[in-house]
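A quick write-up on the structure given underneath.
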Amino acid sequence: MIDIVFLLLIYFIVTQKDEISEAHLAVNLPAPGAPQQQTDNKPQLLELEVHPGQLLLQGRALDDSMVFDTLRSLGKGDPDLTVMVKVSVAARANDLVKALDFCQGAKLTKLNVVTLR
Amino acid sequence: MRKSSAASLDTPITQMIDIVFLLIIFFVVTAAVDKDVVDETIGLAQARYSAAVETNDPRMVVLNLRKDGELNIAMQPLTLNQLQQLLIALRTQAGSSLPLLLRCDGEVQFRHIDRVMQVAASTGLYRVRISAEVQD
């Protein structure tokens, strides 16, 4: 009996997995062949470029804290602001997630991801 | 004295059967949980500001993308063509609102993510989410 109990204990210890809490960052994909709408009242658009180890906001290279602070202040002013996240093919998933995470933290939820080629 | 030591050597069958039944129940329950196969080799990127997900859409298709760009679903490797065929079939069954979850390694290059996203978009599936580990 003790043998079985020990076997059970060992089994539980070996198969135990640490629970990882995950966040799911939603992105909008560009529809293939979708026509560009030409409207007079263009929506507010913000460009966030993601390069390996670097983020560019509206074409300006800023450090991470500056990017987040700017996004947060913009998000407070206009939560419907659309962010165009342009990602370099050489960037890592870490860089992309950082950019998306900053947008989520700044309450900016309209995120479009496009590829920089 | 001899009598009592002989009696204590009897195998406790009842308790043993209890444990065996517990084991069987345990294996049955964990076998059902095994449907959510997670690729343990993937080290997710860290998210500082995003909230952890409490409940998952049961229809969600989980795609695992490893550091070297290898793609798999429930540990079954597949090519982009195979992925496309699969997503077309799933979209036909479940519609375009079918959510996709991309569990990509933090070190994987975006070119690999982009290929998967393009395949998803080409099949008409636009609800894509990227998984990240929430920092405490």
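Letters A, B, ... go to the chains of the structure tokens in the order shown; residues in each chain start at 1; ligands are counted from 1 in the same order.
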
Report task. Compute the chain A side of the contact with chain B at 7 Å, counting only C-alpha atoms, and hand it back as a PyMOL selection string. Result -> chain A and resi 1+20-29+31-32+89-94+97-98+101-102+104-105

How about saving the chosen residues, N, CA and C atoms kept, as a short mmCIF file (atom, residue, chain, number, x, y, z; two decimals), in the first residue's frame?
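The new file selection19.cif reads:
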```
data_model
loop_
_atom_site.label_atom_id
_atom_site.label_comp_id
_atom_site.auth_asym_id
_atom_site.auth_seq_id
_atom_site.Cartn_x
_atom_site.Cartn_y
_atom_site.Cartn_z
N MET A 1 0.83 -1.21 0.00
CA MET A 1 0.00 0.00 0.00
C MET A 1 0.87 1.27 0.00
N ILE A 20 0.55 28.58 -16.11
CA ILE A 20 0.99 29.86 -16.68
C ILE A 20 -0.26 30.64 -17.07
N SER A 21 -0.37 31.86 -16.54
CA SER A 21 -1.51 32.68 -16.94
C SER A 21 -1.17 33.37 -18.26
N GLU A 22 -2.03 33.19 -19.22
CA GLU A 22 -1.78 33.70 -20.55
C GLU A 22 -2.72 34.84 -20.90
N ALA A 23 -2.19 35.80 -21.66
CA ALA A 23 -3.02 36.86 -22.22
C ALA A 23 -3.13 36.59 -23.71
N HIS A 24 -4.30 36.87 -24.28
CA HIS A 24 -4.48 36.69 -25.71
C HIS A 24 -4.63 38.06 -26.35
N LEU A 25 -3.63 38.43 -27.13
CA LEU A 25 -3.61 39.76 -27.72
C LEU A 25 -4.25 39.70 -29.11
N ALA A 26 -5.38 40.35 -29.24
CA ALA A 26 -6.14 40.28 -30.50
C ALA A 26 -5.56 41.23 -31.53
N VAL A 27 -5.47 40.77 -32.75
CA VAL A 27 -5.00 41.63 -33.85
C VAL A 27 -5.97 41.48 -35.02
N ASN A 28 -6.07 42.55 -35.79
CA ASN A 28 -6.86 42.50 -37.02
C ASN A 28 -5.92 42.26 -38.18
N LEU A 29 -6.30 41.35 -39.04
CA LEU A 29 -5.47 41.07 -40.21
C LEU A 29 -6.03 41.82 -41.41
N ALA A 31 -7.49 42.29 -44.89
CA ALA A 31 -8.20 41.39 -45.81
C ALA A 31 -7.49 41.40 -47.16
N PRO A 32 -7.22 40.24 -47.74
CA PRO A 32 -6.52 40.22 -49.02
C PRO A 32 -7.40 40.81 -50.11
N VAL A 89 9.98 42.12 -40.81
CA VAL A 89 10.06 40.65 -40.85
C VAL A 89 11.20 40.12 -39.98
N ALA A 90 12.16 41.01 -39.69
CA ALA A 90 13.30 40.57 -38.87
C ALA A 90 13.01 40.69 -37.37
N ALA A 91 11.89 41.35 -37.04
CA ALA A 91 11.56 41.51 -35.61
C ALA A 91 11.19 40.16 -35.01
N ARG A 92 11.34 40.08 -33.70
CA ARG A 92 11.00 38.84 -32.99
C ARG A 92 9.58 38.96 -32.41
N ALA A 93 9.04 37.81 -32.06
CA ALA A 93 7.71 37.80 -31.44
C ALA A 93 7.70 38.63 -30.16
N ASN A 94 8.82 38.63 -29.45
CA ASN A 94 8.94 39.43 -28.22
C ASN A 94 8.68 40.91 -28.52
N VAL A 97 4.91 41.40 -29.39
CA VAL A 97 4.07 41.29 -28.19
C VAL A 97 4.25 42.52 -27.31
N LYS A 98 5.47 43.03 -27.25
CA LYS A 98 5.70 44.24 -26.45
C LYS A 98 4.85 45.40 -26.99
N ASP A 101 1.20 44.71 -26.31
CA ASP A 101 0.97 44.83 -24.87
C ASP A 101 0.88 46.29 -24.45
N PHE A 102 1.75 47.12 -25.00
CA PHE A 102 1.70 48.56 -24.71
C PHE A 102 0.35 49.14 -25.13
N GLN A 104 -2.50 47.52 -25.47
CA GLN A 104 -3.52 47.01 -24.55
C GLN A 104 -3.50 47.80 -23.24
N GLY A 105 -2.29 48.04 -22.74
CA GLY A 105 -2.14 48.79 -21.49
C GLY A 105 -2.63 50.22 -21.62
#
```

Query - Shell of 9 Å around Glu70 (chain B), only C-alpha atoms, local chain residues under 5 positions omitted, as a VMD selection string - result: chain B and resid 64 to 65 77 to 79 112

Take the selection from the previous step and output its residues with N, CA and C atoms, as a CSV table (one decimal), in the first residue's frame.
```
chain,number,residue,atom,x,y,z
B,64,ASN,N,0.8,26.2,-32.7
B,64,ASN,CA,2.1,26.4,-32.0
B,64,ASN,C,3.2,26.7,-33.0
B,65,LEU,N,3.9,27.8,-32.7
B,65,LEU,CA,5.0,28.1,-33.6
B,65,LEU,C,6.3,28.2,-32.8
B,77,PRO,N,3.2,18.2,-36.4
B,77,PRO,CA,3.8,19.2,-37.3
B,77,PRO,C,3.0,19.3,-38.6
B,78,LEU,N,2.9,20.5,-39.2
B,78,LEU,CA,2.2,20.6,-40.4
B,78,LEU,C,2.8,21.7,-41.2
B,79,THR,N,2.7,21.6,-42.6
B,79,THR,CA,3.2,22.6,-43.5
B,79,THR,C,2.2,23.7,-43.6
B,112,HIS,N,8.0,34.3,-39.9
B,112,HIS,CA,7.2,33.0,-39.7
B,112,HIS,C,5.8,33.3,-39.2
```

Query raised in the report: So which residues of region 64-130 of chain B fall under helix (DSSP H, G or I) by DSSP, listed as JSON, numbers by chain?
Result: {"B": [80, 81, 82, 83, 84, 85, 86, 87, 88, 89, 90, 91, 92, 93, 94, 110, 111, 112, 113, 114, 115, 116, 117, 118, 119, 120, 121, 122]}

Query raised in the report: Near Gln58 (chain A), within 10 Å and counting only C-alpha atoms, which residues show up once chain neighbours fewer than 5 positions away are dropped, as a list in words?
Result: Leu45, Leu46, Glu47, Leu48, Glu49 and Met84 of chain A

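Put simply, CA of Asp80 (chain A) is 7.7 Å away from CA of Thr109 (chain A).
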
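Excluding Leu71 (chain A) itself and any same-chain residue fewer than 5 positions from it, the protein and nucleic acid residues within 8 Å of it, counting only C-alpha atoms, are Phe102, Cys103, Ala106 and Leu108 of chain A.
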
I need the chosen residues saved as a tab-separated table (two decimals), in the first residue's frame, with N, CA and C atoms.
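This is the output file result.tsv:
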```tsv
chain	number	residue	atom	x	y	z
A	102	PHE	N	1.75	47.12	-25.00
A	102	PHE	CA	1.70	48.56	-24.71
A	102	PHE	C	0.35	49.14	-25.13
A	103	CYS	N	-0.12	48.72	-26.31
A	103	CYS	CA	-1.41	49.23	-26.80
A	103	CYS	C	-2.54	48.78	-25.88
A	106	ALA	N	-2.56	50.76	-22.84
A	106	ALA	CA	-3.00	52.13	-23.09
A	106	ALA	C	-4.48	52.17	-23.50
A	108	LEU	N	-5.89	50.91	-26.00
A	108	LEU	CA	-6.09	51.02	-27.45
A	108	LEU	C	-6.33	49.61	-27.98
```
